[in-house]
Amino acid sequence: MVMRMSTLFLRTLREDPVDAEVVSHKLLVRAGYVRRAAPGIYSWLPLGYRVLRNVEAIVREEMDAIGAQEVHFPALLPKEPYEASNRWEEYGDSVFRLQDRKKADYLLGPTHEEMFTLLVKDLYSSYKDLPLSLYQIQTKYRDEARPRAGILRGREFVMKDSYSFDVSDESFMRSYQAHREAYIKIFDRLGLDYVIVDAMSGAMGGSASEEFLANAASGEDTYVRSPGGYAANVEAVHTVVPPPVPYDDAPAAHVEDTPDTPTIETLVDHLNERFPRTDRPWSAADTLKNVLVMLKHPDGSREPLAIGVPGDRDVDEKRLGAQVEPAALDVFTEDDFAAYPTLAKGYIGPGVLGEKNASGIRFLVDPRVVEGTRWVTGADAPGKHVLDLVAGRDFTPDGTIEAAEVREGDPAPDGSGPLELARGIEMGHIFQLGRKYSEALGLQVLDENGKLVTVTMGSYGVGVSRAVAAIVENSHDDAGIIWPREVSPADIHLVATGKDDAVFDAAGQLAADLEASGVSVLYDDRRGVSPGVKFKDSELVGVPTIVVVGRGLVDGLIEVKDRRSGERTEVPLSDAVAHLR
Ligand code: ATP
Ligand code: MG
Ligand code: MG
Ligand code: MG
């Protein structure tokens with residue numbers, strides 16, 4: 001069936017919706033793909049629904065190809081299975097909860113591990129039944145805190161979720177790999193520019209997981225990558241700086257005098273000589289900002305009174321607290337270094353943590369920079385707040401950097417060079433669940449020896465509705481959307497221009513011929529709409545090939561335009577079907 005613009009349920013808009021922040025949200029609303037029903041809840045209009053179903057079709061084909069079987073669960077679910085897995089609690093405010101007329105608790109499924117586990121438990125009992133992979137493409141509900149990016153982060157959204165069931169770990173790894181490879185095919189076919197990163201398992205639990213992130217500045221996930229191929233969601237990077245060594249266990253401090261009149265330059269030289277860094281040399285900028293922390297010994301004794309950072313007021317009362325003598329809270333300047341030759345008795349470099357406690361500040365040190373560090377101690381006391389005087393980052397009490405605080409240039413945990421930060425949109429997530437759900441819900445089968453074993457599971461999600469938006473994030477220009485052909489609402493956007501009946505007759509015939517040869521057509525057959533408006537709409541809507549039937553028809557020619565490159569070619573009408581197929 002040719003889609004005709006004259007009757008299509010579509011109104012394109014010239015203005016961006018006021019609540020839209022990301023480009024996919026703006027374009028999908030303006031081009032008439034979706035409409036907001038409530039915050040984070042969207043209706044799909046004819047063009048949008050076609051794209052959504054195209055994405056679903058790709059996902060379905062690749063799932064079927066690895067032997068996964070499609071099922072369909074309800075979205076309205078009883079509380080009990082989620083209580084058994086503890087997720088009724090764990091999910092907190094992000095679950096939509098409701099009660100029936102008898103006051104029994106229900107939820108709208110945010111993900112379905114429990115239900116799949118119970119279904120398999122219900123029907124299967126032997127190792128001979130496994131391996132098994134089941135999937136569904138279904139509406140999920142999460143009461144997201146900030147649903148502000150259109151269908152990128154819906155409170156109702158479409159997810160493909162699959163679950164694998166295996167009797168052994170080796171067999172499980174095959175199921176996991178099969179899913180991983182299917183995901184690569186899916187995201188390749190969706191035309192996304194994406195990376196696979198190590199990820200945290202979050203509320204899903206389990207041991208290991210990987211995410212497929214579409215590269216996009218608007219992405220809400222930050223990941224790190226190194227030239228050596230390391231890639232991880234920052235949520236998962238815990239050990240960029242190794243846990244610090246408490247003062248008492250640290251190697252003996254090595255104290256040394258700095259050059260006689262320490263200027264910033266001599267300090268930088270000294271740092272480079274004594275504590276060379278692998279990723280980049282120390283520079284005056286580091287020193288002046290907040291890298292170098294000096295110990296103050298005005299009387300020449302070994303008892304430090306305070307710490308400071310040359311030229312930086314960052315280390316102030318707020319950070320060091322009242323435990324330090326107020327008089328000692330001066331910010332050090334270059335003059336201080338000149339005035340107090342004994343000032344620079346030691347260094348505290350990057351990776352040094354100060355820990356506030358009742359009687360002062362205690363330092364914990366990254367073992368890689370321990371050399372040459374001078375120590376400051378106070379009595380141990382609970383209630384510590386650990387701060388990184390170096391880089392101005394907060395550390396968790398176990399000494400790791402808060403996930404969101406990983407910095408550009410930090411070493412990769414696998415030692416493969418300085419990390420670079422990038423933004424991405426989480427498109428897919430594959431989890432090695434292990435036995436978390438099968439144990440909680442008692443999914444066991446008899447093995448070859450008649451012994452009961454707990455089944456090993458994986459779960460695998462694709463953001464199907466999110467993919468529609470992510471593709472737009474990856475593929476658009478100022479004029480509108482540019483769909484990859486496989487997901488486009490039509491293969492050809494056919495525009496008839498002018499008032500001449502012959503043009504509309506020829507265009508109508510061409511549309512029918514194209515459809516008959518398997519090419520889907522969105523036909524702009526509107527009368528009395530200017531060519532300018534039609535061209536603008538065609539660019540906004542984003543079908544990858546635009547065909548214009550108009551003035552050239554008198555010479556038997558039509559124009560074929562590539563939406564992405566803008567390249568135009570004239571083609572004889574008689575060759576059109578062969579050319580466009
Ligand atoms: P996010 O980090 O973006 O909140 P998630 O890690 O909570 O996602 P998962 O539980 O891993 O999501 O769900 C599997 C997939 O479902 C995700 O990889 C993502 O593509 C999609 N998804 C999750 N939440 C949403 C949402 N609110 N709107 C649209 N798609 C979503
Ligand atoms: Mg989430
Ligand atoms: Mg996530
Ligand atoms: Mg996830």
# chains A, B, ... in the order shown; residues from 1 in each chain; ligands from 1
$ residues_near_ligand --ligand "ligand 3" --cutoff "9 Å" --atoms "only C-alpha atoms and all ligand atoms" --output "list in words"
Ala199, Met200, Ser201, Gly202, Glu211, Glu220, Asp221, Asn233, Glu235, Ile425, Glu426, Gly428 and His429 of chain A
$ residues_near_ligand --ligand "ligand 1" --cutoff "9 Å" --atoms "only C-alpha atoms and all ligand atoms" --output "ChimeraX atom specification"
/A:40,110-111,140-144,147,150-161,200-204,211-213,219-221,425-431,460-467
$ write_last_selection --atoms "N, CA and C atoms" --output "compact mmCIF listing (two decimals), in the first residue's frame"
# COMPACT_ATOMS: atom_id res chain seq x y z
N GLY A 40 7.40 11.41 29.63
CA GLY A 40 8.03 10.11 29.41
C GLY A 40 7.09 9.06 28.83
N PRO A 110 9.24 -3.72 35.11
CA PRO A 110 10.38 -2.94 34.63
C PRO A 110 11.37 -3.81 33.85
N THR A 111 11.32 -5.12 34.07
CA THR A 111 12.13 -6.14 33.41
C THR A 111 11.62 -7.46 33.98
N LYS A 140 7.76 -1.97 28.68
CA LYS A 140 8.27 -1.96 30.05
C LYS A 140 7.93 -0.62 30.70
N TYR A 141 7.88 -0.67 32.02
CA TYR A 141 7.51 0.54 32.77
C TYR A 141 8.56 0.84 33.84
N ARG A 142 9.08 2.04 33.81
CA ARG A 142 9.99 2.48 34.88
C ARG A 142 9.68 3.94 35.16
N ASP A 143 9.49 4.24 36.42
CA ASP A 143 9.17 5.62 36.77
C ASP A 143 10.47 6.40 36.86
N GLU A 144 11.06 6.69 35.69
CA GLU A 144 12.36 7.35 35.62
C GLU A 144 12.30 8.72 36.29
N PRO A 147 12.56 11.93 33.03
CA PRO A 147 12.20 11.51 31.67
C PRO A 147 12.15 12.73 30.77
N GLY A 150 12.51 12.68 25.56
CA GLY A 150 11.59 12.03 24.62
C GLY A 150 11.66 10.53 24.78
N ILE A 151 11.60 9.81 23.66
CA ILE A 151 11.58 8.35 23.76
C ILE A 151 12.94 7.76 24.08
N LEU A 152 13.98 8.59 24.16
CA LEU A 152 15.28 8.06 24.61
C LEU A 152 15.16 7.52 26.04
N ARG A 153 14.41 8.20 26.87
CA ARG A 153 14.20 7.74 28.23
C ARG A 153 12.72 7.86 28.56
N GLY A 154 12.00 6.83 28.19
CA GLY A 154 10.57 6.84 28.44
C GLY A 154 10.27 6.27 29.82
N ARG A 155 9.08 6.54 30.31
CA ARG A 155 8.62 5.83 31.51
C ARG A 155 7.84 4.59 31.09
N GLU A 156 7.31 4.64 29.87
CA GLU A 156 6.83 3.43 29.19
C GLU A 156 7.68 3.31 27.94
N PHE A 157 8.27 2.16 27.71
CA PHE A 157 9.13 2.02 26.54
C PHE A 157 9.14 0.56 26.08
N VAL A 158 9.61 0.35 24.86
CA VAL A 158 9.63 -1.01 24.32
C VAL A 158 11.03 -1.59 24.46
N MET A 159 11.09 -2.74 25.06
CA MET A 159 12.37 -3.44 25.21
C MET A 159 12.25 -4.84 24.63
N LYS A 160 13.33 -5.30 24.01
CA LYS A 160 13.43 -6.72 23.74
C LYS A 160 14.21 -7.28 24.90
N ASP A 161 13.63 -8.22 25.62
CA ASP A 161 14.42 -8.86 26.68
C ASP A 161 14.45 -10.36 26.43
N MET A 200 28.47 -2.12 34.72
CA MET A 200 28.02 -2.59 36.02
C MET A 200 26.71 -3.32 35.84
N SER A 201 26.44 -4.24 36.71
CA SER A 201 25.21 -5.00 36.55
C SER A 201 24.00 -4.33 37.18
N GLY A 202 24.21 -3.38 38.04
CA GLY A 202 23.11 -2.61 38.61
C GLY A 202 22.10 -3.51 39.32
N ALA A 203 20.84 -3.14 39.20
CA ALA A 203 19.78 -3.86 39.92
C ALA A 203 19.62 -5.28 39.39
N MET A 204 20.22 -5.57 38.24
CA MET A 204 20.08 -6.89 37.66
C MET A 204 20.86 -7.93 38.46
N GLU A 211 27.77 -3.52 27.91
CA GLU A 211 26.77 -2.63 27.31
C GLU A 211 27.16 -2.28 25.89
N PHE A 212 26.15 -2.04 25.09
CA PHE A 212 26.33 -1.52 23.74
C PHE A 212 25.90 -0.06 23.80
N LEU A 213 26.85 0.84 23.62
CA LEU A 213 26.56 2.27 23.72
C LEU A 213 26.66 2.91 22.35
N GLY A 219 24.22 11.47 25.00
CA GLY A 219 24.09 10.26 25.79
C GLY A 219 24.22 10.54 27.28
N GLU A 220 23.48 9.76 28.06
CA GLU A 220 23.54 9.95 29.51
C GLU A 220 24.58 9.07 30.17
N ASP A 221 25.18 8.18 29.41
CA ASP A 221 26.25 7.35 29.95
C ASP A 221 27.60 7.93 29.55
N ILE A 425 24.80 6.44 24.44
CA ILE A 425 23.42 6.08 24.79
C ILE A 425 23.38 4.57 24.93
N GLU A 426 22.94 4.09 26.08
CA GLU A 426 22.89 2.64 26.29
C GLU A 426 21.80 2.03 25.41
N MET A 427 22.22 1.22 24.45
CA MET A 427 21.28 0.59 23.50
C MET A 427 20.96 -0.84 23.88
N GLY A 428 21.94 -1.49 24.46
CA GLY A 428 21.73 -2.89 24.81
C GLY A 428 22.60 -3.23 25.99
N HIS A 429 22.19 -4.26 26.70
CA HIS A 429 22.92 -4.62 27.92
C HIS A 429 22.80 -6.13 28.07
N ILE A 430 23.93 -6.81 28.17
CA ILE A 430 23.89 -8.27 28.30
C ILE A 430 24.54 -8.66 29.62
N PHE A 431 23.83 -9.49 30.36
CA PHE A 431 24.21 -9.79 31.74
C PHE A 431 24.52 -11.27 31.93
N TYR A 460 19.34 -10.35 28.63
CA TYR A 460 19.84 -9.56 27.51
C TYR A 460 18.77 -8.58 27.07
N GLY A 461 19.06 -7.28 27.14
CA GLY A 461 18.05 -6.29 26.77
C GLY A 461 18.46 -5.44 25.59
N VAL A 462 17.49 -5.09 24.76
CA VAL A 462 17.71 -4.08 23.72
C VAL A 462 16.62 -3.01 23.88
N GLY A 463 17.03 -1.76 23.87
CA GLY A 463 16.06 -0.67 23.93
C GLY A 463 15.49 -0.43 22.54
N VAL A 464 14.36 -1.07 22.26
CA VAL A 464 13.80 -1.01 20.90
C VAL A 464 13.27 0.39 20.59
N SER A 465 12.44 0.94 21.48
CA SER A 465 11.94 2.29 21.21
C SER A 465 13.07 3.32 21.33
N ARG A 466 13.98 3.07 22.28
CA ARG A 466 15.12 3.98 22.40
C ARG A 466 15.95 3.99 21.12
N ALA A 467 16.02 2.83 20.44
CA ALA A 467 16.83 2.75 19.22
C ALA A 467 16.32 3.73 18.16
$ closest_residue --among "A:Tyr124, A:Trp483, A:Phe535, A:Tyr91" --to "ligand 2" --atoms "only C-alpha atoms and all ligand atoms"
A:Tyr91
$ closest_residue --among "A:Ile558, A:Val59, A:Val197, A:Leu573" --to "ligand 4" --atoms "only C-alpha atoms and all ligand atoms"
A:Val197
$ atom_distance --atom1 "CA of Ala232 in chain A" --atom2 "CA of Phe172 in chain A"
22.7 Å
$ select_by_dssp --residues "range 70-112 of chain A" --states "strand (DSSP E or B)" --output "PyMOL selection string"
chain A and resi 70+76-78+96-99+105-108
$ write_last_selection --atoms "N, CA and C atoms" --output "tab-separated table (two decimals), in the first residue's frame"
chain	number	residue	atom	x	y	z
A	70	GLU	N	10.30	-16.71	20.67
A	70	GLU	CA	9.55	-15.54	21.13
A	70	GLU	C	8.33	-15.95	21.96
A	76	LEU	N	1.49	-6.37	33.45
A	76	LEU	CA	0.91	-6.27	34.79
A	76	LEU	C	1.26	-7.54	35.56
A	77	LEU	N	2.06	-7.40	36.61
A	77	LEU	CA	2.65	-8.57	37.25
A	77	LEU	C	2.37	-8.60	38.75
A	78	PRO	N	2.29	-9.80	39.31
A	78	PRO	CA	2.09	-9.92	40.75
A	78	PRO	C	3.37	-9.58	41.52
A	96	PHE	N	6.47	1.17	38.99
A	96	PHE	CA	5.06	1.57	39.09
A	96	PHE	C	4.34	0.46	39.83
A	97	ARG	N	3.77	0.78	40.97
A	97	ARG	CA	3.07	-0.22	41.79
A	97	ARG	C	1.59	0.11	41.80
A	98	LEU	N	0.78	-0.91	41.88
A	98	LEU	CA	-0.66	-0.66	41.97
A	98	LEU	C	-1.33	-1.80	42.71
A	99	GLN	N	-2.57	-1.58	43.06
A	99	GLN	CA	-3.33	-2.59	43.80
A	99	GLN	C	-4.60	-2.90	43.03
A	105	ASP	N	-1.14	-6.47	45.82
A	105	ASP	CA	-0.12	-5.63	45.17
A	105	ASP	C	0.28	-6.16	43.81
A	106	TYR	N	0.43	-5.26	42.89
A	106	TYR	CA	0.92	-5.58	41.55
A	106	TYR	C	1.97	-4.56	41.14
A	107	LEU	N	2.71	-4.87	40.07
A	107	LEU	CA	3.61	-3.88	39.51
A	107	LEU	C	3.55	-3.95	37.99
A	108	LEU	N	3.94	-2.86	37.36
A	108	LEU	CA	4.10	-2.87	35.91
A	108	LEU	C	5.55	-3.23	35.66
$ atom_distance --atom1 "CA of Val51 in chain A" --atom2 "CA of Tyr176 in chain A"
28.0 Å
$ closest_residue --among "A:Asp198, A:Asp537, A:Glu15, A:Asp188" --to "ligand 4" --atoms "only C-alpha atoms and all ligand atoms"
A:Asp198
$ closest_residue --among "A:Glu170, A:Ser475, A:Glu80, A:Val533" --to "Asn215 in chain A" --atoms "only C-alpha atoms"
A:Ser475
$ residues_around --residues "Asp505 in chain A" --least-positions-apart "3" --cutoff "12 Å" --atoms "only C-alpha atoms" --output "list in words"
Ala496, Thr497, Lys499, Asp500, Asp501, Ala502, Gly508, Gln509, Leu510, Ala511, Ala512, Asp525, Val549, Gly550 and Leu553 of chain A
$ atom_distance --atom1 "CA of Arg87 in chain A" --atom2 "CA of Asp100 in chain A"
20.1 Å
$ closest_residue --among "A:Ala182, A:Gly424, A:Glu448, A:Ala479" --to "Ala65 in chain A" --atoms "only C-alpha atoms"
A:Ala182
$ residues_around --residues "Gly228 in chain A" --least-positions-apart "3" --cutoff "10 Å" --atoms "only C-alpha atoms" --output "ChimeraX atom specification"
/A:225,231,412,414-419
$ closest_residue --among "A:Arg526, A:Arg146, A:Lys128, A:Lys102" --to "ligand 2" --atoms "only C-alpha atoms and all ligand atoms"
A:Arg146
$ decode --residues "range 143-173 of chain A" --atoms "N, CA and C atoms" --output "PDB file, in the first residue's frame"
ATOM      1  N   ASP A 143       9.489   4.236  36.422  1.00  0.00           N
ATOM      2  CA  ASP A 143       9.167   5.620  36.767  1.00  0.00           C
ATOM      3  C   ASP A 143      10.473   6.401  36.863  1.00  0.00           C
ATOM      4  N   GLU A 144      11.059   6.687  35.689  1.00  0.00           N
ATOM      5  CA  GLU A 144      12.358   7.349  35.618  1.00  0.00           C
ATOM      6  C   GLU A 144      12.297   8.723  36.292  1.00  0.00           C
ATOM      7  N   ALA A 145      13.384   9.060  36.983  1.00  0.00           N
ATOM      8  CA  ALA A 145      13.403  10.332  37.710  1.00  0.00           C
ATOM      9  C   ALA A 145      13.377  11.524  36.758  1.00  0.00           C
ATOM     10  N   ARG A 146      14.120  11.422  35.665  1.00  0.00           N
ATOM     11  CA  ARG A 146      14.174  12.552  34.742  1.00  0.00           C
ATOM     12  C   ARG A 146      13.839  12.119  33.314  1.00  0.00           C
ATOM     13  N   PRO A 147      12.559  11.928  33.033  1.00  0.00           N
ATOM     14  CA  PRO A 147      12.198  11.513  31.672  1.00  0.00           C
ATOM     15  C   PRO A 147      12.150  12.733  30.771  1.00  0.00           C
ATOM     16  N   ARG A 148      13.309  13.193  30.309  1.00  0.00           N
ATOM     17  CA  ARG A 148      13.287  14.492  29.626  1.00  0.00           C
ATOM     18  C   ARG A 148      13.905  14.450  28.239  1.00  0.00           C
ATOM     19  N   ALA A 149      14.093  13.254  27.716  1.00  0.00           N
ATOM     20  CA  ALA A 149      14.726  13.182  26.401  1.00  0.00           C
ATOM     21  C   ALA A 149      13.818  12.485  25.401  1.00  0.00           C
ATOM     22  N   GLY A 150      12.513  12.681  25.557  1.00  0.00           N
ATOM     23  CA  GLY A 150      11.593  12.034  24.620  1.00  0.00           C
ATOM     24  C   GLY A 150      11.659  10.529  24.783  1.00  0.00           C
ATOM     25  N   ILE A 151      11.603   9.813  23.661  1.00  0.00           N
ATOM     26  CA  ILE A 151      11.576   8.354  23.757  1.00  0.00           C
ATOM     27  C   ILE A 151      12.944   7.756  24.081  1.00  0.00           C
ATOM     28  N   LEU A 152      13.984   8.595  24.165  1.00  0.00           N
ATOM     29  CA  LEU A 152      15.278   8.062  24.615  1.00  0.00           C
ATOM     30  C   LEU A 152      15.158   7.525  26.037  1.00  0.00           C
ATOM     31  N   ARG A 153      14.412   8.205  26.866  1.00  0.00           N
ATOM     32  CA  ARG A 153      14.200   7.743  28.233  1.00  0.00           C
ATOM     33  C   ARG A 153      12.725   7.864  28.564  1.00  0.00           C
ATOM     34  N   GLY A 154      11.999   6.831  28.186  1.00  0.00           N
ATOM     35  CA  GLY A 154      10.571   6.843  28.444  1.00  0.00           C
ATOM     36  C   GLY A 154      10.270   6.266  29.821  1.00  0.00           C
ATOM     37  N   ARG A 155       9.080   6.535  30.311  1.00  0.00           N
ATOM     38  CA  ARG A 155       8.618   5.831  31.513  1.00  0.00           C
ATOM     39  C   ARG A 155       7.837   4.593  31.086  1.00  0.00           C
ATOM     40  N   GLU A 156       7.306   4.643  29.870  1.00  0.00           N
ATOM     41  CA  GLU A 156       6.829   3.433  29.192  1.00  0.00           C
ATOM     42  C   GLU A 156       7.679   3.309  27.942  1.00  0.00           C
ATOM     43  N   PHE A 157       8.274   2.160  27.707  1.00  0.00           N
ATOM     44  CA  PHE A 157       9.134   2.015  26.537  1.00  0.00           C
ATOM     45  C   PHE A 157       9.141   0.556  26.082  1.00  0.00           C
ATOM     46  N   VAL A 158       9.612   0.355  24.858  1.00  0.00           N
ATOM     47  CA  VAL A 158       9.627  -1.007  24.317  1.00  0.00           C
ATOM     48  C   VAL A 158      11.030  -1.589  24.457  1.00  0.00           C
ATOM     49  N   MET A 159      11.087  -2.744  25.055  1.00  0.00           N
ATOM     50  CA  MET A 159      12.369  -3.437  25.210  1.00  0.00           C
ATOM     51  C   MET A 159      12.253  -4.837  24.632  1.00  0.00           C
ATOM     52  N   LYS A 160      13.326  -5.298  24.011  1.00  0.00           N
ATOM     53  CA  LYS A 160      13.428  -6.725  23.739  1.00  0.00           C
ATOM     54  C   LYS A 160      14.211  -7.283  24.898  1.00  0.00           C
ATOM     55  N   ASP A 161      13.634  -8.221  25.625  1.00  0.00           N
ATOM     56  CA  ASP A 161      14.420  -8.864  26.680  1.00  0.00           C
ATOM     57  C   ASP A 161      14.448 -10.357  26.434  1.00  0.00           C
ATOM     58  N   SER A 162      15.647 -10.912  26.515  1.00  0.00           N
ATOM     59  CA  SER A 162      15.758 -12.372  26.398  1.00  0.00           C
ATOM     60  C   SER A 162      16.499 -12.924  27.591  1.00  0.00           C
ATOM     61  N   TYR A 163      16.339 -14.225  27.783  1.00  0.00           N
ATOM     62  CA  TYR A 163      16.861 -14.906  28.961  1.00  0.00           C
ATOM     63  C   TYR A 163      17.370 -16.256  28.513  1.00  0.00           C
ATOM     64  N   SER A 164      18.571 -16.601  28.948  1.00  0.00           N
ATOM     65  CA  SER A 164      19.114 -17.911  28.581  1.00  0.00           C
ATOM     66  C   SER A 164      19.203 -18.790  29.819  1.00  0.00           C
ATOM     67  N   PHE A 165      19.020 -20.083  29.602  1.00  0.00           N
ATOM     68  CA  PHE A 165      19.010 -21.070  30.689  1.00  0.00           C
ATOM     69  C   PHE A 165      19.948 -22.194  30.303  1.00  0.00           C
ATOM     70  N   ASP A 166      20.965 -22.420  31.122  1.00  0.00           N
ATOM     71  CA  ASP A 166      21.950 -23.449  30.811  1.00  0.00           C
ATOM     72  C   ASP A 166      22.270 -24.255  32.055  1.00  0.00           C
ATOM     73  N   VAL A 167      22.727 -25.477  31.804  1.00  0.00           N
ATOM     74  CA  VAL A 167      22.997 -26.363  32.926  1.00  0.00           C
ATOM     75  C   VAL A 167      24.441 -26.226  33.409  1.00  0.00           C
ATOM     76  N   SER A 168      25.330 -25.748  32.506  1.00  0.00           N
ATOM     77  CA  SER A 168      26.724 -25.584  32.935  1.00  0.00           C
ATOM     78  C   SER A 168      27.239 -24.201  32.538  1.00  0.00           C
ATOM     79  N   ASP A 169      28.333 -23.813  33.161  1.00  0.00           N
ATOM     80  CA  ASP A 169      28.917 -22.514  32.845  1.00  0.00           C
ATOM     81  C   ASP A 169      29.437 -22.456  31.414  1.00  0.00           C
ATOM     82  N   GLU A 170      29.998 -23.589  30.945  1.00  0.00           N
ATOM     83  CA  GLU A 170      30.534 -23.596  29.567  1.00  0.00           C
ATOM     84  C   GLU A 170      29.397 -23.395  28.571  1.00  0.00           C
ATOM     85  N   SER A 171      28.329 -24.097  28.819  1.00  0.00           N
ATOM     86  CA  SER A 171      27.176 -23.967  27.929  1.00  0.00           C
ATOM     87  C   SER A 171      26.614 -22.550  28.012  1.00  0.00           C
ATOM     88  N   PHE A 172      26.599 -21.995  29.227  1.00  0.00           N
ATOM     89  CA  PHE A 172      26.128 -20.618  29.371  1.00  0.00           C
ATOM     90  C   PHE A 172      26.960 -19.652  28.535  1.00  0.00           C
ATOM     91  N   MET A 173      28.290 -19.838  28.555  1.00  0.00           N
ATOM     92  CA  MET A 173      29.142 -18.903  27.805  1.00  0.00           C
ATOM     93  C   MET A 173      28.817 -18.943  26.311  1.00  0.00           C
TER      94      MET A 173
END
